[in-house]
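Visitor: What follows is model_14.cif, made up of mmCIF, C-alpha atoms and all ligand atoms:
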```cif
data_protein
loop_
_atom_site.label_atom_id
_atom_site.label_comp_id
_atom_site.auth_asym_id
_atom_site.auth_seq_id
_atom_site.Cartn_x
_atom_site.Cartn_y
_atom_site.Cartn_z
CA MET S 1 18.33 20.35 92.21
CA GLY S 2 18.79 19.83 88.56
CA ILE S 3 20.88 21.77 86.15
CA VAL S 4 18.78 24.45 84.51
CA LEU S 5 19.24 25.28 80.88
CA GLN S 6 18.82 28.88 79.84
CA ALA S 7 15.77 28.10 77.71
CA SER S 8 13.82 26.60 80.57
CA VAL S 9 14.68 29.17 83.17
CA GLY S 10 11.30 30.92 83.29
CA ALA S 11 9.36 27.69 83.42
CA PHE S 12 11.75 26.35 86.01
CA VAL S 13 11.20 29.23 88.38
CA VAL S 14 7.44 29.10 87.99
CA LEU S 15 7.44 25.36 88.61
CA PHE S 16 9.78 25.66 91.51
CA VAL S 17 7.65 28.28 93.18
CA LEU S 18 4.46 26.34 92.47
CA ALA S 19 5.99 23.20 93.83
CA GLY S 20 6.61 24.95 97.10
CA CYS S 21 10.37 24.83 96.64
CA VAL S 22 10.66 28.57 96.99
CA THR S 23 8.65 30.31 99.63
CA PRO S 24 6.32 32.48 97.57
CA PRO S 25 6.58 36.17 98.28
CA ALA S 26 4.94 36.72 101.64
CA PRO S 27 3.27 40.04 102.31
CA VAL S 28 5.83 42.34 103.86
CA ALA S 29 4.63 44.56 106.67
CA ALA S 30 4.71 48.21 105.69
CA THR S 31 7.94 49.70 106.90
CA SER S 32 9.49 53.11 106.70
CA PRO S 33 11.48 53.65 103.51
CA SER S 34 14.70 53.83 105.47
CA THR S 35 16.34 50.46 106.10
CA PRO S 36 15.36 49.21 109.53
CA ALA S 37 18.18 48.14 111.82
CA PRO S 38 18.55 44.38 111.57
CA SER S 39 18.37 42.41 114.77
CA ALA S 40 21.58 40.97 116.13
CA PRO S 41 22.85 38.00 114.14
CA VAL S 42 22.48 34.60 115.76
CA ALA S 43 25.70 32.69 116.44
CA ALA S 44 25.85 30.53 113.39
CA GLU S 45 27.56 27.20 113.92
CA THR S 46 25.49 25.70 116.68
CA ILE S 47 21.79 26.30 116.58
CA THR S 48 19.50 25.05 119.30
CA PRO S 49 16.67 23.50 117.37
CA PRO S 50 13.10 23.72 118.53
CA ALA S 51 11.56 20.61 120.04
CA PRO S 52 10.65 18.04 117.39
CA SER S 53 7.14 18.66 116.21
CA THR S 54 6.58 15.13 115.02
CA SER S 55 7.04 11.55 116.14
CA PRO S 56 9.75 9.18 114.92
CA GLN S 57 9.09 6.87 111.99
CA PRO S 58 10.00 3.29 111.25
CA PRO S 59 13.65 2.62 110.34
CA LEU S 60 14.76 2.23 106.73
CA GLY S 61 14.56 -1.22 105.22
CA ALA S 62 18.13 -0.98 103.97
CA ALA S 63 21.08 0.59 105.75
CA LEU S 64 20.69 4.07 104.33
CA LYS S 65 21.36 6.33 107.25
CA ARG S 66 24.28 8.57 106.39
CA GLY S 67 25.47 8.88 102.83
CA VAL S 68 27.19 11.04 100.27
CA ASN S 69 26.37 11.55 96.60
CA LEU S 70 29.12 10.62 94.18
CA GLY S 71 28.10 13.53 91.99
CA ASP S 72 29.43 15.01 88.75
CA ALA S 73 30.83 11.67 87.57
CA LEU S 74 28.42 9.20 85.97
CA ASP S 75 25.69 11.87 85.92
CA ALA S 76 27.75 14.04 83.54
CA PRO S 77 27.05 13.53 79.82
CA SER S 78 30.12 11.29 79.87
CA GLU S 79 32.18 10.51 82.95
CA GLY S 80 35.00 13.05 83.18
CA ASP S 81 33.12 15.82 81.32
CA TRP S 82 32.58 17.61 84.62
CA GLY S 83 36.06 16.94 85.94
CA VAL S 84 35.29 13.86 88.03
CA VAL S 85 36.29 10.29 87.22
CA LEU S 86 35.44 7.94 90.08
CA GLN S 87 38.37 6.20 91.75
CA PRO S 88 38.52 3.31 94.23
CA SER S 89 39.88 5.84 96.74
CA ASP S 90 36.54 7.72 96.66
CA PHE S 91 34.81 4.73 98.21
CA VAL S 92 37.59 4.23 100.74
CA ALA S 93 37.38 7.89 101.75
CA ALA S 94 33.59 7.79 102.06
CA LYS S 95 33.81 4.79 104.36
CA ARG S 96 36.58 6.37 106.40
CA ALA S 97 34.58 9.58 106.78
CA GLY S 98 31.81 7.58 108.45
CA PHE S 99 29.20 7.23 105.71
CA ASP S 100 27.27 3.97 105.50
CA HIS S 101 26.26 4.40 101.89
CA VAL S 102 26.86 6.31 98.69
CA ARG S 103 24.32 7.47 96.14
CA LEU S 104 25.36 6.99 92.54
CA PRO S 105 23.67 9.40 90.14
CA ALA S 106 24.00 7.83 86.69
CA ARG S 107 22.81 9.21 83.35
CA PHE S 108 21.64 5.91 81.86
CA SER S 109 19.53 7.73 79.29
CA ALA S 110 22.65 9.15 77.62
CA HIS S 111 24.14 5.67 77.23
CA ALA S 112 21.28 3.66 75.81
CA ALA S 113 19.71 3.12 72.40
CA ALA S 114 16.76 5.28 71.40
CA ALA S 115 14.83 2.33 69.93
CA PRO S 116 13.59 -0.87 71.62
CA PRO S 117 14.94 -2.76 73.45
CA PHE S 118 16.82 0.44 74.47
CA SER S 119 20.05 -1.45 75.08
CA ILE S 120 22.34 0.16 77.63
CA ASP S 121 25.95 0.55 76.43
CA ALA S 122 28.16 -2.25 77.70
CA ALA S 123 30.92 0.11 78.82
CA PHE S 124 28.54 2.29 80.86
CA PHE S 125 26.90 -0.72 82.46
CA ALA S 126 30.34 -2.10 83.33
CA ARG S 127 31.22 1.19 84.98
CA VAL S 128 28.05 1.08 87.11
CA ASP S 129 28.87 -2.52 88.05
CA TRP S 130 32.35 -1.42 89.02
CA ALA S 131 30.99 1.34 91.27
CA ILE S 132 28.62 -1.13 92.94
CA ASP S 133 31.49 -3.56 93.49
CA GLU S 134 33.67 -0.82 94.98
CA ALA S 135 30.94 0.30 97.36
CA LEU S 136 30.15 -3.22 98.51
CA SER S 137 33.82 -4.05 98.97
CA GLN S 138 34.02 -1.16 101.43
CA GLY S 139 30.92 -2.32 103.28
CA LEU S 140 28.95 0.62 101.89
CA ALA S 141 25.38 0.33 100.63
CA ILE S 142 24.76 2.06 97.29
CA VAL S 143 21.73 3.77 95.79
CA VAL S 144 21.75 3.54 91.99
CA ASP S 145 19.78 6.47 90.65
CA VAL S 146 18.62 7.26 87.10
CA HIS S 147 19.73 10.90 86.93
CA HIS S 148 19.22 13.76 84.46
CA TYR S 149 16.71 12.04 82.22
CA ALA S 150 15.63 15.40 80.77
CA ASP S 151 13.75 13.91 77.79
CA LEU S 152 11.48 12.00 80.13
CA MET S 153 10.48 15.28 81.76
CA ASP S 154 9.87 16.98 78.41
CA GLN S 155 8.22 14.10 76.53
CA PRO S 156 6.82 11.74 79.13
CA GLU S 157 4.54 9.90 76.71
CA GLN S 158 7.24 9.24 74.13
CA GLN S 159 9.87 8.27 76.73
CA HIS S 160 7.68 6.15 79.02
CA ALA S 161 8.51 2.82 77.36
CA ARG S 162 12.20 3.65 77.15
CA PHE S 163 12.35 4.52 80.84
CA VAL S 164 10.69 1.22 81.76
CA GLY S 165 13.03 -0.53 79.31
CA LEU S 166 16.07 0.93 81.06
CA TRP S 167 14.82 -0.34 84.41
CA SER S 168 14.07 -3.75 82.99
CA GLN S 169 17.77 -4.05 82.05
CA ILE S 170 19.20 -2.55 85.24
CA ALA S 171 16.99 -4.73 87.42
CA GLU S 172 17.79 -7.90 85.48
CA ARG S 173 21.51 -7.22 85.56
CA GLU S 174 21.72 -6.44 89.28
CA ARG S 175 19.13 -8.96 90.47
CA SER S 176 21.61 -11.09 92.46
CA ARG S 177 23.16 -8.18 94.31
CA PRO S 178 22.84 -8.08 98.09
CA ARG S 179 20.21 -5.88 99.72
CA GLY S 180 22.75 -3.08 100.17
CA VAL S 181 22.14 -2.25 96.51
CA VAL S 182 19.10 0.01 96.34
CA PHE S 183 17.34 1.30 93.22
CA GLU S 184 16.11 4.88 92.92
CA LEU S 185 13.82 5.01 89.92
CA CYS S 186 14.33 8.60 88.78
CA ASN S 187 15.92 11.76 90.10
CA GLU S 188 14.04 15.05 90.45
CA PRO S 189 11.03 14.91 88.14
CA ASN S 190 10.38 18.37 86.73
CA GLY S 191 9.38 20.10 83.50
CA LYS S 192 6.24 19.11 81.61
CA ILE S 193 5.50 15.86 83.37
CA THR S 194 2.23 15.85 85.34
CA ALA S 195 1.53 14.04 88.60
CA ASP S 196 -0.68 11.49 86.81
CA GLU S 197 1.99 10.78 84.21
CA TRP S 198 4.67 10.53 86.86
CA ASN S 199 2.68 8.16 89.04
CA ALA S 200 1.88 5.95 86.03
CA ILE S 201 5.52 5.85 84.94
CA MET S 202 6.70 5.04 88.46
CA ALA S 203 4.14 2.24 88.80
CA ASP S 204 5.18 0.67 85.47
CA ALA S 205 8.90 0.90 86.24
CA LEU S 206 8.37 -0.56 89.69
CA ALA S 207 6.33 -3.43 88.25
CA VAL S 208 9.14 -4.35 85.88
CA VAL S 209 11.72 -4.12 88.69
CA ARG S 210 9.60 -6.38 90.86
CA THR S 211 9.62 -9.18 88.28
CA THR S 212 13.34 -9.73 88.98
CA ASN S 213 13.86 -8.00 92.35
CA PRO S 214 10.79 -8.79 94.45
CA THR S 215 12.10 -7.43 97.73
CA ARG S 216 14.84 -4.93 96.89
CA ALA S 217 14.47 -1.48 98.46
CA VAL S 218 13.25 0.97 95.80
CA VAL S 219 13.28 4.74 96.28
CA LEU S 220 10.50 6.92 94.85
CA GLU S 221 10.23 10.69 94.78
CA GLY S 222 7.65 13.26 93.75
CA LEU S 223 7.45 16.12 91.26
CA GLY S 224 8.86 19.64 91.73
CA TRP S 225 12.50 18.50 91.68
CA ALA S 226 11.73 15.96 94.42
CA SER S 227 10.16 18.52 96.73
CA ALA S 228 8.87 17.58 100.16
CA LYS S 229 5.49 19.01 99.24
CA ALA S 230 5.16 16.80 96.17
CA LEU S 231 6.21 13.77 98.19
CA ARG S 232 3.42 14.56 100.64
CA ASP S 233 0.76 15.68 98.19
CA SER S 234 1.10 14.03 94.81
CA LEU S 235 3.19 10.86 94.92
CA ARG S 236 0.89 7.83 94.70
CA VAL S 237 2.67 4.97 96.38
CA PRO S 238 1.90 1.60 94.77
CA ALA S 239 -0.03 -0.46 97.33
CA GLY S 240 1.11 -3.62 99.05
CA ASP S 241 4.85 -3.19 98.63
CA PRO S 242 6.72 -3.13 101.95
CA ASN S 243 10.11 -2.32 100.40
CA LEU S 244 9.51 1.19 99.16
CA VAL S 245 11.16 4.35 100.42
CA GLY S 246 9.87 7.89 99.85
CA SER S 247 12.52 10.45 99.01
CA PHE S 248 12.78 14.23 98.85
CA HIS S 249 15.58 16.73 98.28
CA MET S 250 16.19 19.54 100.70
CA TYR S 251 17.78 22.76 99.55
CA GLN S 252 15.70 25.29 101.49
CA PRO S 253 16.21 28.19 101.67
CA ILE S 254 17.16 27.81 98.02
CA LEU S 255 18.59 31.35 97.64
CA PHE S 256 21.01 30.52 100.45
CA THR S 257 22.03 27.01 99.32
CA HIS S 258 22.32 27.94 95.63
CA GLN S 259 23.74 31.46 95.97
CA GLY S 260 25.73 32.34 92.87
CA ALA S 261 25.26 28.90 91.28
CA SER S 262 26.27 29.17 87.63
CA PHE S 263 23.56 26.73 86.56
CA MET S 264 20.71 28.64 88.17
CA PRO S 265 18.74 31.58 86.74
CA GLU S 266 19.87 35.16 87.22
CA GLU S 267 17.90 35.80 90.41
CA PHE S 268 20.25 33.47 92.29
CA ASP S 269 23.06 36.01 91.93
CA THR S 270 22.97 37.43 95.49
CA ARG S 271 26.08 36.18 97.26
CA GLY S 272 27.02 36.60 100.89
CA ILE S 273 23.74 35.22 102.30
CA VAL S 274 24.40 33.76 105.74
CA PHE S 275 22.55 31.14 107.72
CA PRO S 276 20.82 31.89 109.92
CA GLY S 277 19.66 35.39 108.98
CA PRO S 278 19.33 38.26 109.48
CA PRO S 279 22.83 39.45 108.59
CA ALA S 280 24.84 41.84 110.77
CA GLN S 281 24.75 44.37 107.94
CA PRO S 282 22.02 44.50 105.30
CA LEU S 283 22.99 42.75 102.09
CA GLU S 284 22.33 44.29 98.71
CA ALA S 285 20.40 42.02 96.35
CA GLY S 286 22.26 41.18 93.14
CA PRO S 287 21.18 42.85 89.88
CA GLY S 288 19.52 39.62 88.75
CA ALA S 289 17.59 39.23 91.99
CA ARG S 290 16.40 42.83 91.77
CA ARG S 291 14.71 42.02 88.46
CA HIS S 292 12.53 39.32 90.09
CA ALA S 293 10.04 40.38 92.72
CA TRP S 294 10.09 37.10 94.67
CA ALA S 295 13.89 37.13 94.99
CA ALA S 296 14.13 40.85 95.77
CA ASP S 297 11.43 40.45 98.40
CA TRP S 298 13.23 37.44 99.90
CA VAL S 299 16.44 39.43 100.31
CA LYS S 300 14.48 42.32 101.88
CA ARG S 301 12.89 39.99 104.42
CA TYR S 302 16.23 38.32 105.03
CA ASN S 303 17.71 41.72 105.87
CA GLU S 304 14.84 42.91 108.01
CA GLU S 305 13.07 40.09 109.80
CA PRO S 306 14.11 38.66 113.16
CA ALA S 307 15.38 35.09 113.45
CA ALA S 308 11.92 33.71 114.25
CA THR S 309 10.45 34.67 110.89
CA ASN S 310 13.55 35.28 108.79
CA PRO S 311 13.41 33.35 105.48
CA SER S 312 16.98 32.14 106.07
CA SER S 313 16.04 30.57 109.38
CA PRO S 314 15.91 27.28 111.24
CA ALA S 315 12.12 27.62 111.21
CA ARG S 316 12.15 27.44 107.40
CA VAL S 317 14.21 24.26 107.55
CA ILE S 318 11.96 22.70 110.18
CA ASP S 319 8.83 23.47 108.16
CA GLU S 320 10.24 21.68 105.14
CA LEU S 321 11.28 18.62 107.10
CA ASP S 322 7.89 18.46 108.77
CA VAL S 323 6.23 18.37 105.36
CA ALA S 324 8.32 15.34 104.43
CA HIS S 325 7.59 13.78 107.78
CA SER S 326 3.86 14.00 107.22
CA PHE S 327 4.38 11.63 104.27
CA ALA S 328 5.96 9.14 106.69
CA GLU S 329 3.08 9.49 109.11
CA ARG S 330 0.50 8.91 106.40
CA THR S 331 2.18 6.06 104.55
CA ARG S 332 4.33 4.54 107.34
CA LEU S 333 7.13 4.33 104.75
CA PRO S 334 10.71 5.28 105.52
CA VAL S 335 11.84 8.67 104.23
CA TYR S 336 15.18 9.29 102.55
CA MET S 337 16.57 12.80 102.06
CA GLY S 338 18.57 11.76 99.02
CA GLU S 339 20.13 15.18 98.42
CA PHE S 340 20.81 18.19 100.58
CA GLY S 341 23.75 20.55 100.50
CA VAL S 342 25.13 24.06 100.24
CA ILE S 343 27.23 25.50 97.46
CA GLU S 344 30.83 26.41 98.26
CA ASN S 345 30.05 30.09 97.54
CA ALA S 346 28.42 30.30 100.98
CA ASP S 347 30.71 31.18 103.88
CA PRO S 348 32.07 28.07 105.63
CA LYS S 349 30.46 28.84 108.98
CA SER S 350 26.98 29.24 107.51
CA ARG S 351 27.47 26.19 105.35
CA ALA S 352 28.32 24.07 108.37
CA ALA S 353 25.52 25.58 110.49
CA TRP S 354 22.85 24.81 107.87
CA THR S 355 24.23 21.34 107.21
CA ARG S 356 24.33 20.43 110.89
CA LEU S 357 20.81 21.67 111.47
CA VAL S 358 19.31 19.90 108.47
CA ARG S 359 21.16 16.69 109.23
CA THR S 360 20.30 16.57 112.93
CA GLU S 361 16.66 17.50 112.36
CA ALA S 362 16.37 14.91 109.59
CA GLU S 363 17.79 12.27 111.91
CA ARG S 364 15.38 13.30 114.68
CA ARG S 365 12.59 12.52 112.25
CA GLY S 366 14.13 9.17 111.34
CA PHE S 367 15.17 10.17 107.79
CA GLY S 368 18.21 8.63 106.13
CA TRP S 369 20.18 11.14 104.09
CA ALA S 370 22.89 11.69 101.49
CA TYR S 371 24.81 14.95 101.23
CA TRP S 372 25.14 16.52 97.74
CA ASP S 373 27.94 16.02 96.95
CA ASP S 374 31.51 14.85 97.21
CA GLY S 375 32.99 16.50 94.17
CA GLY S 376 31.01 19.28 92.43
CA ALA S 377 30.12 22.88 93.28
CA PHE S 378 28.67 21.76 96.61
CA LYS S 379 31.67 19.63 97.44
CA ILE S 380 32.93 18.57 100.83
CA TYR S 381 35.68 16.24 99.61
CA ASP S 382 39.12 17.10 98.28
CA ARG S 383 39.98 14.52 95.64
CA LYS S 384 43.66 15.43 95.65
CA SER S 385 44.21 14.89 99.36
CA GLY S 386 41.51 12.22 99.66
CA GLU S 387 40.13 14.03 102.73
CA TYR S 388 36.69 15.31 103.61
CA ASP S 389 36.45 18.92 104.82
CA PRO S 390 36.78 18.51 108.62
CA ARG S 391 34.21 21.17 109.46
CA MET S 392 31.61 19.74 107.09
CA ARG S 393 32.38 16.21 108.18
CA ALA S 394 31.78 17.25 111.78
CA ALA S 395 28.51 18.93 110.77
CA LEU S 396 27.41 15.65 109.22
CA MET S 397 28.70 13.19 111.77
CA GLU S 398 29.07 14.81 115.18
CA PRO S 399 26.41 15.85 117.69
C1 LIG Q 401 22.03 17.94 90.31
C2 LIG Q 401 23.33 18.69 90.41
C3 LIG Q 401 23.17 19.94 91.25
C4 LIG Q 401 22.57 19.58 92.57
C5 LIG Q 401 22.32 20.80 93.39
C6 LIG Q 401 21.54 17.64 91.66
O1 LIG Q 401 20.36 16.91 91.57
O2 LIG Q 401 22.22 16.76 89.60
O3 LIG Q 401 23.78 19.01 89.14
O4 LIG Q 401 24.42 20.55 91.48
O5 LIG Q 401 21.37 18.86 92.38
O6 LIG Q 401 21.50 21.70 92.70
#
```
Output the file's structure as structure tokens, nothing else.

Guide:
Amino acid sequence: MGIVLQASVGAFVVLFVLAGCVTPPAPVAATSPSTPAPSAPVAAETITPPAPSTSPQPPLGAALKRGVNLGDALDAPSEGDWGVVLQPSDFVAAKRAGFDHVRLPARFSAHAAAAPPFSIDAAFFARVDWAIDEALSQGLAIVVDVHHYADLMDQPEQQHARFVGLWSQIAERERSRPRGVVFELCNEPNGKITADEWNAIMADALAVVRTTNPTRAVVLEGLGWASAKALRDSLRVPAGDPNLVGSFHMYQPILFTHQGASFMPEEFDTRGIVFPGPPAQPLEAGPGARRHAWAADWVKRYNEEPAATNPSSPARVIDELDVAHSFAERTRLPVYMGEFGVIENADPKSRAAWTRLVRTEAERRGFGWAYWDDGGAFKIYDRKSGEYDPRMRAALMEP
């Protein structure tokens, strides 16, 4: 999920709902005005998932099975602005924790000229090279992702050539890298960009990458902040390229994973949401959530509905993953869940329960994944001690 600026909050929510990222308000069965007794809470940490509803898919071209996002570093306006400066020890720790790759969100657009040939700053490029070298030296694959290109979302026509120009340089510079270096063309398209514009921009960027990197794995995602639905419904995959990967980001249920996130709009202010719902005691929606019908209704259903239909439920997770899987069935391309995660505001038990469920169900569908993230608000890694949170590590790595 991207950072949301105050000015775009309304548009963001509308888009998010339209994109299927938030379950639109479902009709609530008429109930008595008194609060119904919630059903007993389900034991949180281990959830027995329903039988897989879909068949496995082909394995990923590159070794992208279990990864972690190195977030809040090169995706910040400048590295260090958000409190994270990457260290060699981050790559050592990721390897030791059992990951086979890292995803490197990098804000190339903030470190490149505005006019042709859109030259990328030498120092920033050197830093990306360094991160690639560190990953490879640990035997980790690395996904280099163009992150937070907000102007491309707001002015797709004006920024189209610049975006392709950035990829021309990145691809040329990294052309001799081994296949463990993977390119992800652009993170979480959102804002004003339409599906036609997005598909045209992706096709042009891919074409320029292919002139220097004919067989490198390239990751593509769809609109709606990389929603599963957009991956399934609106991403046009360029034909005849066997080295493409379809990606989506999984933060459903979003009011659970982003509870109290400072960068989200006011209706995300209800804290204390557990996974799975319903809670043992009804939870009062936050003042912000109460001002937005969809969020207030979500909290009501979360309080009232049994596990089978509760909006904070395994069923909600499974539905989302099945949407992404239908892309794999149609295209026969590998699917990569390039971001999923829960904010630290959630209670540790719920956090681990959701993470384990999403991870195991993604793996049952053959998806590679990368947790968001090591170091920001969703973090699972303590930079001071150099250790991953044992409970979250177990949720990611153990049966
Ligand atoms: C954004 C982060 C955000 C995360 C979860 C990422 O794509 O870059 O800033 O914390 O999604 O919303």

Visitor: Box in all listed atoms of stretch 259-273 of chain S, axis-aligned, with 6 Å more on each side; write out centre and edge lengths in Å to one decimal as AutoDock Vina command-line options.

Guide:
```
--center_x 22.5 --center_y 32.1 --center_z 94.4 --size_x 21.1 --size_y 22.7 --size_z 27.7
```

Visitor: Write as a count of residues only the residues around ligand LIG 401 (chain Q), taking 9 Å as the cut-off and counting all atoms listed in the file.

Guide: 31

Visitor: Need the neighbours of (15.7, 6.3, 81.4): which residues are at most 12 Å away, counting only C-alpha atoms, as number ranges by chain?

Guide: S: 106-114, 118-120, 145-153, 155-156, 158-170, 184-187, 189, 201-202, 205

Visitor: With C-alpha atoms retained, write the just-selected residues as a tab-separated table (two decimals), keeping the file's coordinate frame.

Guide:
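Output file part_30.tsv follows:
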```tsv
chain	number	residue	atom	x	y	z
S	106	ALA	CA	24.00	7.83	86.69
S	107	ARG	CA	22.81	9.21	83.35
S	108	PHE	CA	21.64	5.91	81.86
S	109	SER	CA	19.53	7.73	79.29
S	110	ALA	CA	22.65	9.15	77.62
S	111	HIS	CA	24.14	5.67	77.23
S	112	ALA	CA	21.28	3.66	75.81
S	113	ALA	CA	19.71	3.12	72.40
S	114	ALA	CA	16.76	5.28	71.40
S	118	PHE	CA	16.82	0.44	74.47
S	119	SER	CA	20.05	-1.45	75.08
S	120	ILE	CA	22.34	0.16	77.63
S	145	ASP	CA	19.78	6.47	90.65
S	146	VAL	CA	18.62	7.26	87.10
S	147	HIS	CA	19.73	10.90	86.93
S	148	HIS	CA	19.22	13.76	84.46
S	149	TYR	CA	16.71	12.04	82.22
S	150	ALA	CA	15.63	15.40	80.77
S	151	ASP	CA	13.75	13.91	77.79
S	152	LEU	CA	11.48	12.00	80.13
S	153	MET	CA	10.48	15.28	81.76
S	155	GLN	CA	8.22	14.10	76.53
S	156	PRO	CA	6.82	11.74	79.13
S	158	GLN	CA	7.24	9.24	74.13
S	159	GLN	CA	9.87	8.27	76.73
S	160	HIS	CA	7.68	6.15	79.02
S	161	ALA	CA	8.51	2.82	77.36
S	162	ARG	CA	12.20	3.65	77.15
S	163	PHE	CA	12.35	4.52	80.84
S	164	VAL	CA	10.69	1.22	81.76
S	165	GLY	CA	13.03	-0.53	79.31
S	166	LEU	CA	16.07	0.93	81.06
S	167	TRP	CA	14.82	-0.34	84.41
S	168	SER	CA	14.07	-3.75	82.99
S	169	GLN	CA	17.77	-4.05	82.05
S	170	ILE	CA	19.20	-2.55	85.24
S	184	GLU	CA	16.11	4.88	92.92
S	185	LEU	CA	13.82	5.01	89.92
S	186	CYS	CA	14.33	8.60	88.78
S	187	ASN	CA	15.92	11.76	90.10
S	189	PRO	CA	11.03	14.91	88.14
S	201	ILE	CA	5.52	5.85	84.94
S	202	MET	CA	6.70	5.04	88.46
S	205	ALA	CA	8.90	0.90	86.24
```

Visitor: Quick one: residues within 9 Å of S:Thr215, all atoms listed in the file, excluding same-chain residues fewer than 2 positions away - as a PyMOL selection string?

Guide: chain S and resi 179+210+213+217-218+241-243

Visitor: Show me a table, sorted first by chain and then by increasing residue number, of the residues of stretch 204-272 of chain S having an atom at most 10 Å from stretch 172-175 of chain S, each with its shortest atom pair and the distance in Å to one decimal, counting only C-alpha atoms and written as JSON lines.

Guide:
```
{"residue": "S:Val208", "atom": "CA", "partner": "S:Glu172", "partner_atom": "CA", "distance": 9.4}
{"residue": "S:Val209", "atom": "CA", "partner": "S:Glu172", "partner_atom": "CA", "distance": 7.8}
{"residue": "S:Arg210", "atom": "CA", "partner": "S:Arg175", "partner_atom": "CA", "distance": 9.9}
{"residue": "S:Thr211", "atom": "CA", "partner": "S:Glu172", "partner_atom": "CA", "distance": 8.7}
{"residue": "S:Thr212", "atom": "CA", "partner": "S:Glu172", "partner_atom": "CA", "distance": 5.9}
{"residue": "S:Asn213", "atom": "CA", "partner": "S:Arg175", "partner_atom": "CA", "distance": 5.7}
{"residue": "S:Pro214", "atom": "CA", "partner": "S:Arg175", "partner_atom": "CA", "distance": 9.2}
{"residue": "S:Arg216", "atom": "CA", "partner": "S:Arg175", "partner_atom": "CA", "distance": 8.7}
```

Visitor: Could I get stretch 141-145 of chain S rebuilt with all heavy atoms, written as a CSV table (one decimal), in the coordinates of the input?

Guide:
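Heads up, here's the output in rebuild-v7.csv:
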```csv
chain,number,residue,atom,x,y,z
S,141,ALA,N,26.5,0.5,101.5
S,141,ALA,CA,25.4,0.3,100.6
S,141,ALA,C,25.5,1.3,99.5
S,141,ALA,O,26.2,2.3,99.6
S,141,ALA,CB,24.1,0.5,101.4
S,142,ILE,N,24.7,1.1,98.4
S,142,ILE,CA,24.8,2.1,97.3
S,142,ILE,C,23.4,2.2,96.7
S,142,ILE,O,22.7,1.2,96.4
S,142,ILE,CB,25.8,1.6,96.3
S,142,ILE,CG1,25.9,2.6,95.1
S,142,ILE,CG2,25.6,0.2,95.8
S,142,ILE,CD1,27.1,2.4,94.2
S,143,VAL,N,23.0,3.5,96.4
S,143,VAL,CA,21.7,3.8,95.8
S,143,VAL,C,22.0,4.1,94.3
S,143,VAL,O,22.8,5.1,94.0
S,143,VAL,CB,21.0,5.0,96.4
S,143,VAL,CG1,19.7,5.3,95.7
S,143,VAL,CG2,20.8,4.7,97.9
S,144,VAL,N,21.5,3.3,93.4
S,144,VAL,CA,21.8,3.5,92.0
S,144,VAL,C,20.6,4.3,91.5
S,144,VAL,O,19.4,3.9,91.6
S,144,VAL,CB,21.9,2.2,91.2
S,144,VAL,CG1,22.1,2.5,89.7
S,144,VAL,CG2,23.0,1.4,91.8
S,145,ASP,N,20.8,5.5,91.0
S,145,ASP,CA,19.8,6.5,90.6
S,145,ASP,C,19.8,6.9,89.2
S,145,ASP,O,20.9,7.2,88.7
S,145,ASP,CB,20.0,7.7,91.6
S,145,ASP,CG,19.7,9.0,91.0
S,145,ASP,OD1,18.8,9.2,90.3
S,145,ASP,OD2,20.6,9.9,91.3
```
